[in-house]
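To start, the structure under review is shown below, and the notes come after it.
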Amino acid sequence: MTQQRPPLPQPQLEPAGITFEQYEEFTPQKLELVDGHLGYGGQNPSGFHLAVLTNMGLLTAIRRVGVSLWIEALDRYMLTHLSTVNAQEEVAEAMLNRFNRAMEDLKAVAEFLQE
C-alpha cells in the first residue's frame, strides 16, 4: 500500500495551522545554508514555504516585507502570465492596458499610504 502525500498547505489572509502530516512531509529535517540560500537537501521547498506562509498569514507577510515589494512581485508575475494568454490580439492588448492602469493606481495608493 502506498501512502499518499498530504495536500500542500493553503495560505490564507490570517494565520492558520497545518496538520501534523503536512509538518512531517514538508518541513526539512535539516536546513542547510548554501551560498547564502537556505537549502533542503535537494527537497522541493514549495511545501515548506507554503507551510510558513500558512502559519504566518498573508497579511502578516505583507507587513513584514512591505507592500511595495509585493506589488512589484505581483506586477512581474502577472506580466509573465499575460504574455502567455491565448486570445485575439485586440483582447490581449486591452487586458494588458487595463492591467497596467490598475498597477499604476495600486502603486500610487501604496506610495500615498507610505508617506
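By convention in this document, the chains of the C-alpha cells carry letters A, B, ... by their order, each chain's residues are numbered from 1, and ligands are numbered from 1 in the order they are shown.
If you count only C-alpha atoms and ignore residues fewer than 2 places along the chain from Leu79 in chain A, what sits within 12 Å of it is Glu72, Ala73, Leu74, Asp75, Arg76, Tyr77, His81, Leu82, Ser83, Thr84, Val85, Ala92, Glu93, Met95, Leu96, Asn97, Arg98, Phe99, Asn100 and Met103 of chain A.
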Selected residues written out, C-alpha atoms, as a PDB file, in the first residue's frame:
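Contents of out_4.pdb, freshly written:
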ATOM      1  CA  GLU A  72       6.362  44.579  -7.681  1.00  0.00           C
ATOM      2  CA  ALA A  73       6.155  40.792  -7.375  1.00  0.00           C
ATOM      3  CA  LEU A  74       2.517  40.808  -8.487  1.00  0.00           C
ATOM      4  CA  ASP A  75       3.397  43.053 -11.420  1.00  0.00           C
ATOM      5  CA  ARG A  76       6.183  40.753 -12.626  1.00  0.00           C
ATOM      6  CA  TYR A  77       4.089  37.616 -12.114  1.00  0.00           C
ATOM      7  CA  HIS A  81       1.362  35.277 -17.408  1.00  0.00           C
ATOM      8  CA  LEU A  82      -0.351  37.888 -19.565  1.00  0.00           C
ATOM      9  CA  SER A  83       2.219  37.288 -22.285  1.00  0.00           C
ATOM     10  CA  THR A  84       1.151  33.631 -22.495  1.00  0.00           C
ATOM     11  CA  VAL A  85      -2.602  34.276 -22.833  1.00  0.00           C
ATOM     12  CA  ALA A  92      -4.858  40.664 -25.153  1.00  0.00           C
ATOM     13  CA  GLU A  93      -3.745  44.260 -25.713  1.00  0.00           C
ATOM     14  CA  MET A  95      -6.240  43.346 -20.965  1.00  0.00           C
ATOM     15  CA  LEU A  96      -2.594  44.402 -20.800  1.00  0.00           C
ATOM     16  CA  ASN A  97      -3.586  48.083 -20.914  1.00  0.00           C
ATOM     17  CA  ARG A  98      -6.192  47.524 -18.223  1.00  0.00           C
ATOM     18  CA  PHE A  99      -3.674  45.690 -16.054  1.00  0.00           C
ATOM     19  CA  ASN A 100      -1.073  48.435 -16.477  1.00  0.00           C
ATOM     20  CA  MET A 103      -0.990  48.578 -11.351  1.00  0.00           C
TER      21      MET A 103
END
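Here CA of Tyr23 in chain A is placed at a distance of 21.8 Å from CA of Leu59 in chain A.
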Distance criterion (only C-alpha atoms): nearest to Leu50 in chain A out of A:Gly17, A:Pro28, A:Gly66, A:Pro11: A:Pro11
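In terms of minimum interatomic distance to Lys107 in chain A, A:Ser68 ranks closest within A:Ser68, A:Thr19, A:Asn55, A:Ser46, counting only C-alpha atoms.
The smallest atom-to-atom distance between Thr60 in chain A and any of A:Ala94, A:Asn86, A:Gly41, A:Glu14, using only C-alpha atoms, is found for A:Glu14.
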